[in-house]
$ cat data-v5.cif   # mmCIF, C-alpha atoms
data_work
loop_
_atom_site.group_PDB
_atom_site.id
_atom_site.type_symbol
_atom_site.label_atom_id
_atom_site.label_comp_id
_atom_site.auth_asym_id
_atom_site.auth_seq_id
_atom_site.Cartn_x
_atom_site.Cartn_y
_atom_site.Cartn_z
ATOM 1 C CA MET A 947 0.000 0.000 0.000
ATOM 2 C CA LEU A 948 2.735 2.423 0.997
ATOM 3 C CA SER A 949 4.745 1.472 -2.020
ATOM 4 C CA SER A 950 1.775 2.172 -4.297
ATOM 5 C CA THR A 951 1.187 5.518 -2.612
ATOM 6 C CA SER A 952 4.849 6.424 -2.962
ATOM 7 C CA ARG A 953 4.788 5.629 -6.656
ATOM 8 C CA ILE A 954 1.701 7.834 -7.134
ATOM 9 C CA LEU A 955 3.274 10.714 -5.213
ATOM 10 C CA HIS A 956 6.479 10.281 -7.148
ATOM 11 C CA ARG A 957 4.576 10.720 -10.406
ATOM 12 C CA VAL A 958 2.141 13.428 -9.283
ATOM 13 C CA LEU A 959 4.368 15.725 -7.196
ATOM 14 C CA PRO A 960 6.711 16.864 -10.006
ATOM 15 C CA THR A 961 3.730 17.690 -12.201
ATOM 16 C CA ALA A 962 2.003 19.560 -9.360
ATOM 17 C CA LEU A 963 5.161 21.492 -8.516
ATOM 18 C CA CYS A 964 5.648 22.477 -12.164
ATOM 19 C CA ALA A 965 2.037 23.631 -12.367
ATOM 20 C CA LEU A 966 2.427 25.642 -9.155
ATOM 21 C CA LEU A 967 5.601 27.318 -10.413
ATOM 22 C CA PHE A 968 3.923 28.112 -13.730
ATOM 23 C CA VAL A 969 0.882 29.679 -12.033
ATOM 24 C CA THR A 970 3.100 31.652 -9.651
ATOM 25 C CA ALA A 971 5.246 32.961 -12.490
ATOM 26 C CA ALA A 972 2.192 33.853 -14.581
ATOM 27 C CA THR A 973 0.562 35.634 -11.638
ATOM 28 C CA ALA A 974 3.718 37.571 -10.884
ATOM 29 C CA GLN A 975 4.000 38.528 -14.535
ATOM 30 C CA THR A 976 0.427 39.818 -14.707
ATOM 31 C CA THR A 977 0.318 41.585 -11.341
ATOM 32 C CA VAL A 978 3.802 43.054 -11.055
ATOM 33 C CA GLN A 979 4.352 45.286 -14.067
ATOM 34 C CA PRO A 980 5.917 48.415 -12.598
ATOM 35 C CA TYR A 981 5.935 50.352 -15.888
ATOM 36 C CA ALA A 982 2.510 49.331 -17.194
ATOM 37 C CA PRO A 983 0.277 52.468 -17.266
ATOM 38 C CA VAL A 984 -2.492 52.577 -14.682
ATOM 39 C CA ARG A 985 -6.043 52.642 -15.982
ATOM 40 C CA PRO A 986 -6.927 56.344 -16.401
ATOM 41 C CA LEU A 987 -10.020 57.937 -14.933
ATOM 42 C CA PRO A 988 -12.818 58.571 -17.486
ATOM 43 C CA LEU A 989 -11.984 62.249 -17.998
ATOM 44 C CA GLY A 990 -11.113 62.535 -21.687
ATOM 45 C CA ASP A 991 -8.926 65.278 -23.162
ATOM 46 C CA ILE A 992 -10.174 68.138 -20.995
ATOM 47 C CA LEU A 993 -11.515 68.633 -17.486
ATOM 48 C CA LEU A 994 -14.000 71.458 -18.081
ATOM 49 C CA SER A 995 -11.876 74.015 -19.933
ATOM 50 C CA LEU A 996 -8.360 72.982 -18.919
ATOM 51 C CA PRO A 997 -6.487 70.127 -20.636
ATOM 52 C CA THR A 998 -5.675 66.783 -19.060
ATOM 53 C CA SER A 999 -2.540 64.682 -19.575
ATOM 54 C CA HIS A 1000 -4.724 61.865 -20.947
ATOM 55 C CA MET A 1001 -4.493 60.767 -24.568
ATOM 56 C CA PRO A 1002 -6.995 58.873 -26.712
ATOM 57 C CA SER A 1003 -5.928 55.774 -28.597
ATOM 58 C CA ALA A 1004 -4.243 56.133 -31.998
ATOM 59 C CA GLY A 1005 -6.660 56.885 -34.809
ATOM 60 C CA THR A 1006 -9.267 58.547 -32.563
ATOM 61 C CA TRP A 1007 -11.238 61.530 -33.847
ATOM 62 C CA GLU A 1008 -13.140 63.752 -31.435
ATOM 63 C CA VAL A 1009 -15.703 66.506 -31.934
ATOM 64 C CA ARG A 1010 -16.207 68.951 -29.070
ATOM 65 C CA PHE A 1011 -18.944 71.517 -28.423
ATOM 66 C CA SER A 1012 -18.650 74.070 -25.602
ATOM 67 C CA HIS A 1013 -21.305 76.537 -24.451
ATOM 68 C CA ARG A 1014 -20.951 79.286 -21.835
ATOM 69 C CA PHE A 1015 -23.983 81.508 -21.142
ATOM 70 C CA ASN A 1016 -23.045 85.187 -20.847
ATOM 71 C CA GLN A 1017 -25.562 86.314 -18.240
ATOM 72 C CA SER A 1018 -24.670 85.640 -14.610
ATOM 73 C CA ILE A 1019 -27.349 83.694 -12.767
ATOM 74 C CA ASP A 1020 -27.361 86.345 -10.005
ATOM 75 C CA GLN A 1021 -27.776 89.300 -12.392
ATOM 76 C CA GLY A 1022 -30.871 91.479 -11.947
ATOM 77 C CA SER A 1023 -33.879 91.117 -9.691
ATOM 78 C CA PHE A 1024 -35.435 87.757 -8.886
ATOM 79 C CA SER A 1025 -38.147 88.291 -11.498
ATOM 80 C CA ASP A 1026 -35.489 89.212 -14.105
ATOM 81 C CA ARG A 1027 -33.536 86.074 -13.297
ATOM 82 C CA LEU A 1028 -36.665 83.979 -13.446
ATOM 83 C CA HIS A 1029 -37.637 85.546 -16.768
ATOM 84 C CA SER A 1030 -34.210 84.723 -18.268
ATOM 85 C CA LEU A 1031 -34.145 81.247 -16.668
ATOM 86 C CA TRP A 1032 -31.056 82.285 -14.664
ATOM 87 C CA GLY A 1033 -29.106 83.180 -17.773
ATOM 88 C CA LEU A 1034 -30.218 80.316 -20.011
ATOM 89 C CA ASP A 1035 -32.024 82.755 -22.319
ATOM 90 C CA SER A 1036 -28.928 84.945 -22.708
ATOM 91 C CA ASN A 1037 -26.396 84.968 -25.484
ATOM 92 C CA ALA A 1038 -23.505 82.569 -25.148
ATOM 93 C CA ASP A 1039 -19.856 82.027 -25.992
ATOM 94 C CA VAL A 1040 -19.899 78.945 -28.177
ATOM 95 C CA GLY A 1041 -16.968 76.820 -29.271
ATOM 96 C CA ILE A 1042 -16.631 73.918 -31.665
ATOM 97 C CA GLY A 1043 -13.521 71.813 -31.953
ATOM 98 C CA LEU A 1044 -12.048 68.833 -33.742
ATOM 99 C CA SER A 1045 -9.086 66.694 -32.711
ATOM 100 C CA TYR A 1046 -7.238 63.657 -34.046
ATOM 101 C CA ALA A 1047 -4.635 61.335 -32.530
ATOM 102 C CA PRO A 1048 -2.304 60.067 -35.287
ATOM 103 C CA ARG A 1049 -0.276 58.219 -32.643
ATOM 104 C CA ARG A 1050 -0.903 56.996 -29.119
ATOM 105 C CA ASP A 1051 1.233 59.816 -27.702
ATOM 106 C CA LEU A 1052 0.230 62.688 -30.008
ATOM 107 C CA GLN A 1053 -3.003 64.630 -30.453
ATOM 108 C CA LEU A 1054 -3.684 67.488 -32.891
ATOM 109 C CA SER A 1055 -6.617 69.844 -32.266
ATOM 110 C CA LEU A 1056 -8.538 72.751 -33.745
ATOM 111 C CA LEU A 1057 -10.921 74.841 -31.611
ATOM 112 C CA ARG A 1058 -12.906 77.886 -32.695
ATOM 113 C CA SER A 1059 -14.847 80.174 -30.346
ATOM 114 C CA ASN A 1060 -17.100 83.105 -31.174
ATOM 115 C CA ALA A 1061 -15.349 85.052 -28.399
ATOM 116 C CA MET A 1062 -13.196 87.347 -30.567
ATOM 117 C CA ASP A 1063 -13.658 84.662 -33.257
ATOM 118 C CA ASP A 1064 -10.637 82.937 -31.703
ATOM 119 C CA ILE A 1065 -9.190 80.004 -33.669
ATOM 120 C CA GLU A 1066 -6.791 77.788 -31.734
ATOM 121 C CA LEU A 1067 -4.446 75.241 -33.322
ATOM 122 C CA ALA A 1068 -2.619 72.974 -30.874
ATOM 123 C CA ALA A 1069 -0.649 69.774 -30.451
ATOM 124 C CA LYS A 1070 -0.393 67.704 -27.277
ATOM 125 C CA TYR A 1071 2.354 65.135 -26.701
ATOM 126 C CA ALA A 1072 2.327 62.606 -23.866
ATOM 127 C CA LEU A 1073 5.752 62.378 -22.233
ATOM 128 C CA VAL A 1074 5.002 59.716 -19.644
ATOM 129 C CA GLN A 1075 2.001 57.852 -18.270
ATOM 130 C CA GLN A 1076 1.544 57.126 -14.588
ATOM 131 C CA ALA A 1077 2.476 53.584 -13.564
ATOM 132 C CA PRO A 1078 3.288 51.776 -10.302
ATOM 133 C CA ALA A 1079 6.944 52.773 -10.705
ATOM 134 C CA ILE A 1080 6.140 56.268 -12.068
ATOM 135 C CA PRO A 1081 4.047 58.399 -9.691
ATOM 136 C CA PHE A 1082 2.797 60.923 -12.242
ATOM 137 C CA GLY A 1083 1.659 61.468 -15.812
ATOM 138 C CA ALA A 1084 3.023 64.312 -17.923
ATOM 139 C CA ALA A 1085 2.291 65.905 -21.274
ATOM 140 C CA ILE A 1086 3.222 69.078 -23.104
ATOM 141 C CA ARG A 1087 0.855 71.150 -25.206
ATOM 142 C CA ALA A 1088 1.662 74.041 -27.517
ATOM 143 C CA GLY A 1089 -0.043 76.013 -30.217
ATOM 144 C CA THR A 1090 -1.198 79.320 -31.572
ATOM 145 C CA ASP A 1091 -4.368 81.420 -31.511
ATOM 146 C CA VAL A 1092 -5.622 83.719 -34.237
ATOM 147 C CA ARG A 1093 -8.361 86.204 -33.307
ATOM 148 C CA THR A 1094 -10.273 87.095 -36.469
ATOM 149 C CA GLU A 1095 -12.875 89.524 -35.118
ATOM 150 C CA LYS A 1096 -12.698 93.031 -36.603
ATOM 151 C CA ASP A 1097 -11.191 96.054 -34.805
ATOM 152 C CA LEU A 1098 -8.540 94.008 -33.000
ATOM 153 C CA ASN A 1099 -4.835 94.584 -32.683
ATOM 154 C CA ASP A 1100 -2.367 91.865 -31.659
ATOM 155 C CA ARG A 1101 -4.381 89.160 -33.343
ATOM 156 C CA THR A 1102 -2.044 86.204 -32.819
ATOM 157 C CA SER A 1103 -0.778 84.461 -29.696
ATOM 158 C CA ALA A 1104 1.507 81.518 -29.028
ATOM 159 C CA PHE A 1105 1.257 79.329 -25.958
ATOM 160 C CA ALA A 1106 3.014 76.430 -24.254
ATOM 161 C CA GLN A 1107 1.757 74.271 -21.392
ATOM 162 C CA ALA A 1108 3.159 71.519 -19.227
ATOM 163 C CA ILE A 1109 0.511 69.210 -17.765
ATOM 164 C CA VAL A 1110 1.537 67.128 -14.749
ATOM 165 C CA SER A 1111 -1.008 64.885 -13.039
ATOM 166 C CA HIS A 1112 -1.186 62.361 -10.230
ATOM 167 C CA GLN A 1113 -3.939 59.783 -10.007
ATOM 168 C CA PHE A 1114 -5.041 58.383 -6.648
ATOM 169 C CA GLY A 1115 -6.147 54.854 -7.467
ATOM 170 C CA GLN A 1116 -9.433 54.879 -9.377
ATOM 171 C CA ARG A 1117 -10.953 57.635 -7.252
ATOM 172 C CA ALA A 1118 -9.255 60.971 -7.862
ATOM 173 C CA GLU A 1119 -6.743 62.938 -9.907
ATOM 174 C CA VAL A 1120 -4.980 66.284 -9.437
ATOM 175 C CA SER A 1121 -3.242 68.238 -12.209
ATOM 176 C CA VAL A 1122 -1.119 71.381 -12.439
ATOM 177 C CA MET A 1123 -0.606 73.168 -15.762
ATOM 178 C CA PRO A 1124 2.117 75.834 -15.916
ATOM 179 C CA THR A 1125 1.120 77.936 -18.933
ATOM 180 C CA TYR A 1126 2.957 80.624 -20.882
ATOM 181 C CA VAL A 1127 1.183 82.797 -23.483
ATOM 182 C CA THR A 1128 2.183 85.744 -25.646
ATOM 183 C CA ASN A 1129 -0.115 88.687 -26.507
ATOM 184 C CA ALA A 1130 -2.761 87.630 -24.003
ATOM 185 C CA GLY A 1131 -5.679 89.471 -22.446
ATOM 186 C CA ARG A 1132 -7.507 92.494 -23.814
ATOM 187 C CA GLN A 1133 -7.448 96.223 -23.189
ATOM 188 C CA VAL A 1134 -9.751 98.579 -25.044
ATOM 189 C CA THR A 1135 -8.372 101.766 -26.628
ATOM 190 C CA GLY A 1136 -10.932 103.838 -28.473
ATOM 191 C CA GLN A 1137 -12.657 101.624 -31.014
ATOM 192 C CA THR A 1138 -10.048 98.859 -30.959
ATOM 193 C CA SER A 1139 -8.579 96.456 -28.429
ATOM 194 C CA GLY A 1140 -5.064 95.114 -28.058
ATOM 195 C CA ALA A 1141 -3.120 92.716 -25.881
ATOM 196 C CA LEU A 1142 -2.960 93.490 -22.173
ATOM 197 C CA PHE A 1143 0.136 91.289 -21.733
ATOM 198 C CA ARG A 1144 3.015 90.769 -24.128
ATOM 199 C CA HIS A 1145 3.990 87.769 -22.007
ATOM 200 C CA ALA A 1146 1.701 86.106 -19.470
ATOM 201 C CA PHE A 1147 2.262 83.171 -17.131
ATOM 202 C CA ASN A 1148 -0.032 81.307 -14.764
ATOM 203 C CA VAL A 1149 -0.409 77.877 -13.165
ATOM 204 C CA PRO A 1150 -3.988 76.570 -13.403
ATOM 205 C CA ILE A 1151 -4.943 73.652 -11.166
ATOM 206 C CA GLY A 1152 -7.524 70.955 -11.840
ATOM 207 C CA ALA A 1153 -8.970 68.120 -9.767
ATOM 208 C CA ALA A 1154 -11.411 65.294 -10.375
ATOM 209 C CA VAL A 1155 -13.137 62.946 -7.930
ATOM 210 C CA VAL A 1156 -15.081 59.908 -9.124
ATOM 211 C CA VAL A 1157 -18.357 59.781 -7.186
ATOM 212 C CA ALA A 1158 -20.122 57.016 -9.143
ATOM 213 C CA PRO A 1159 -19.220 54.773 -12.082
ATOM 214 C CA ALA A 1160 -18.112 57.053 -14.961
ATOM 215 C CA LEU A 1161 -19.367 60.152 -13.048
ATOM 216 C CA SER A 1162 -16.879 62.694 -11.706
ATOM 217 C CA VAL A 1163 -16.961 66.004 -9.867
ATOM 218 C CA ILE A 1164 -14.506 68.386 -11.543
ATOM 219 C CA ALA A 1165 -12.955 71.565 -10.134
ATOM 220 C CA GLU A 1166 -10.674 74.065 -11.854
ATOM 221 C CA VAL A 1167 -8.870 77.017 -10.277
ATOM 222 C CA ILE A 1168 -6.842 79.677 -12.091
ATOM 223 C CA PRO A 1169 -4.919 81.917 -9.663
ATOM 224 C CA VAL A 1170 -4.966 85.682 -10.022
ATOM 225 C CA ASN A 1171 -2.239 86.717 -12.443
ATOM 226 C CA ARG A 1172 0.465 88.560 -10.484
ATOM 227 C CA ASP A 1173 1.357 90.801 -13.419
ATOM 228 C CA LEU A 1174 -2.017 92.527 -13.720
ATOM 229 C CA PRO A 1175 -1.673 96.317 -14.073
ATOM 230 C CA ALA A 1176 -1.947 98.373 -10.908
ATOM 231 C CA GLY A 1177 -5.560 99.087 -10.075
ATOM 232 C CA SER A 1178 -6.896 95.910 -11.684
ATOM 233 C CA HIS A 1179 -8.661 93.915 -9.002
ATOM 234 C CA ALA A 1180 -9.463 90.512 -10.441
ATOM 235 C CA GLY A 1181 -10.788 87.456 -8.660
ATOM 236 C CA ILE A 1182 -9.571 83.919 -9.167
ATOM 237 C CA GLY A 1183 -10.950 81.978 -12.086
ATOM 238 C CA TRP A 1184 -12.889 78.910 -11.005
ATOM 239 C CA SER A 1185 -15.186 76.267 -12.427
ATOM 240 C CA LEU A 1186 -17.097 73.447 -10.771
ATOM 241 C CA GLY A 1187 -18.957 70.792 -12.699
ATOM 242 C CA LEU A 1188 -20.052 67.226 -13.264
ATOM 243 C CA LYS A 1189 -18.656 64.989 -16.013
ATOM 244 C CA LYS A 1190 -20.357 61.822 -17.239
ATOM 245 C CA ALA A 1191 -18.609 59.381 -19.558
ATOM 246 C CA MET A 1192 -20.957 57.270 -21.637
ATOM 247 C CA GLY A 1193 -19.677 55.130 -24.473
ATOM 248 C CA GLY A 1194 -17.765 57.455 -26.782
ATOM 249 C CA HIS A 1195 -19.373 60.548 -25.231
ATOM 250 C CA PHE A 1196 -18.375 62.914 -22.440
ATOM 251 C CA PHE A 1197 -21.057 65.223 -21.038
ATOM 252 C CA GLU A 1198 -20.205 68.108 -18.691
ATOM 253 C CA ILE A 1199 -22.356 70.716 -16.984
ATOM 254 C CA LEU A 1200 -20.641 73.442 -14.992
ATOM 255 C CA LEU A 1201 -20.825 76.665 -13.031
ATOM 256 C CA THR A 1202 -18.016 79.185 -13.541
ATOM 257 C CA ASP A 1203 -16.959 82.804 -13.211
ATOM 258 C CA ASN A 1204 -14.785 82.524 -16.324
ATOM 259 C CA ASN A 1205 -16.174 81.776 -19.788
ATOM 260 C CA ALA A 1206 -12.692 81.327 -21.291
ATOM 261 C CA THR A 1207 -11.962 78.112 -23.166
ATOM 262 C CA HIS A 1208 -8.617 79.021 -24.838
ATOM 263 C CA ALA A 1209 -5.216 79.288 -23.175
ATOM 264 C CA ASP A 1210 -4.743 82.886 -24.352
ATOM 265 C CA GLN A 1211 -8.040 83.786 -22.647
ATOM 266 C CA TYR A 1212 -7.795 82.165 -19.213
ATOM 267 C CA VAL A 1213 -4.214 82.823 -18.017
ATOM 268 C CA THR A 1214 -4.622 86.580 -17.465
ATOM 269 C CA SER A 1215 -7.440 86.725 -14.857
ATOM 270 C CA THR A 1216 -9.384 88.846 -17.344
ATOM 271 C CA TYR A 1217 -11.887 88.013 -20.039
ATOM 272 C CA GLN A 1218 -13.006 90.188 -22.958
ATOM 273 C CA GLY A 1219 -11.214 93.185 -21.443
ATOM 274 C CA ALA A 1220 -12.718 92.986 -17.933
ATOM 275 C CA PRO A 1221 -11.147 91.542 -14.762
ATOM 276 C CA LEU A 1222 -12.774 88.366 -13.468
ATOM 277 C CA ASN A 1223 -15.302 88.719 -10.673
ATOM 278 C CA ARG A 1224 -15.453 85.490 -8.698
ATOM 279 C CA GLY A 1225 -19.036 86.293 -7.722
ATOM 280 C CA ASN A 1226 -20.283 86.088 -11.313
ATOM 281 C CA LEU A 1227 -21.933 82.720 -11.873
ATOM 282 C CA HIS A 1228 -22.302 81.459 -15.427
ATOM 283 C CA ILE A 1229 -23.841 78.145 -16.441
ATOM 284 C CA GLY A 1230 -22.075 76.185 -19.146
ATOM 285 C CA PHE A 1231 -21.789 72.765 -20.691
ATOM 286 C CA ASN A 1232 -19.550 70.676 -22.965
ATOM 287 C CA ILE A 1233 -20.268 67.687 -25.178
ATOM 288 C CA GLU A 1234 -17.495 65.535 -26.672
ATOM 289 C CA ARG A 1235 -17.913 62.623 -29.042
ATOM 290 C CA ARG A 1236 -15.141 60.221 -30.040
ATOM 291 C CA PHE A 1237 -14.950 58.159 -33.216
ATOM 292 C CA GLY A 1238 -12.616 55.460 -34.417
ATOM 293 C CA GLY A 1239 -9.506 54.545 -32.483
ATOM 294 C CA LYS A 1240 -7.880 51.228 -31.787
#

$ encode --input "data-v5.cif" --output "structure tokens"
Amino acid sequence: MLSSTSRILHRVLPTALCALLFVTAATAQTTVQPYAPVRPLPLGDILLSLPTSHMPSAGTWEVRFSHRFNQSIDQGSFSDRLHSLWGLDSNADVGIGLSYAPRRDLQLSLLRSNAMDDIELAAKYALVQQAPAIPFGAAIRAGTDVRTEKDLNDRTSAFAQAIVSHQFGQRAEVSVMPTYVTNAGRQVTGQTSGALFRHAFNVPIGAAVVVAPALSVIAEVIPVNRDLPAGSHAGIGWSLGLKKAMGGHFFEILLTDNNATHADQYVTSTYQGAPLNRGNLHIGFNIERRFGGK
């Protein structure tokens, strides 16, 4: 009996040990990949107006619509606000954009807004993606803006941004975006307007918290630009909104004191020639739709 059992163990044990080693090695290979990118939060290319370090897959096209109502929801008497549906009946700054990712680490974009008829051409390049061994994601973004509205001086701007983010598991992400822009902001002189800044710099901050599957609370803060002319008392730029990812769509609804959607508009703490007032409350929304991709 013992001899029979020994023979069985002698045959079975090597096979069992080999199987155990194989499973252990396979598990280690699948679970310990220090440079494999972490799964990104469902945020897309932008938070609300500020860019993310995320990139779509190669071959992805995206169409983007942005809408910012001009009337503040606290403007006028209660009956006036009720009559205008808290600004929803007012005119709006509207943007439409198109982007394409020819490679996994490169995205090209075109965005046009009716605010000064501003056309923005940009490219974003992903430098690194967050992974267990890399505690951050980073991208660079650069481009130019051409303002085609009549009676404007200083029609063109160039900008460069660094986007550095850190993701906390599958629950939250924080980003900082040092941004440099030329010929930014507006100052009115007679019947024309020109650039308020020849060179402007600011460091916007963005954060996202996932509160339900594919639903995030998004916050953006743009500090007051330190180089504003004496006597200009601007508030911080801020936006707070909800983002829902659904299939190839991203839907965002937001409240903001800053209707800017282009880098040359939001770094200066002014918008359309007036300093930002953090008490102004504008409703806005974005819709993005992706096509293709691998």

$ closest_residue --input "data-v5.cif" --among "A:Leu1057, A:Val1156, A:Ala1206, A:Ala1165" --to "Ala1069 (chain A)" --atoms "only C-alpha atoms"
A:Leu1057

$ residues_around --input "data-v5.cif" --residues "region 1060-1065 of chain A" --least-positions-apart "4" --cutoff "12 Å" --atoms "only C-alpha atoms" --output "PyMOL selection string"
chain A and resi 1012-1016+1037-1044+1055-1056+1089-1104+1130-1132+1138-1140+1205-1211+1217-1219

$ resolve_selection --input "data-v5.cif" --expression "the PyMOL selection byres ((chain A and resi 1221) around 10)" --output "PyMOL selection string"
chain A and resi 1131-1132+1170+1174+1178-1183+1204+1214-1220+1222-1224

$ resolve_selection --input "data-v5.cif" --expression "the PyMOL selection byres ((chain A and resi 1070) around 6)" --output "list in words"
Leu1052, Gln1053, Ala1069, Tyr1071, Ile1086 and Arg1087 of chain A

$ residues_near_point --input "data-v5.cif" --point "(-6.6, 60.9, -34.8)" --cutoff "9 Å" --atoms "only C-alpha atoms" --output "list in words"
Pro1002, Ser1003, Ala1004, Gly1005, Thr1006, Trp1007, Glu1008, Ser1045, Tyr1046, Ala1047, Pro1048, Arg1049, Arg1050, Leu1052, Gln1053, Leu1054, Phe1237, Gly1238 and Gly1239 of chain A

$ axis_aligned_box --input "data-v5.cif" --around "region 1205-1215 of chain A" --padding-each-side "3 Å" --output "lines of an AutoDock Vina configuration file"
center_x = -10.2
center_y = 82.4
center_z = -19.8
size_x = 18.0
size_y = 14.6
size_z = 16.0
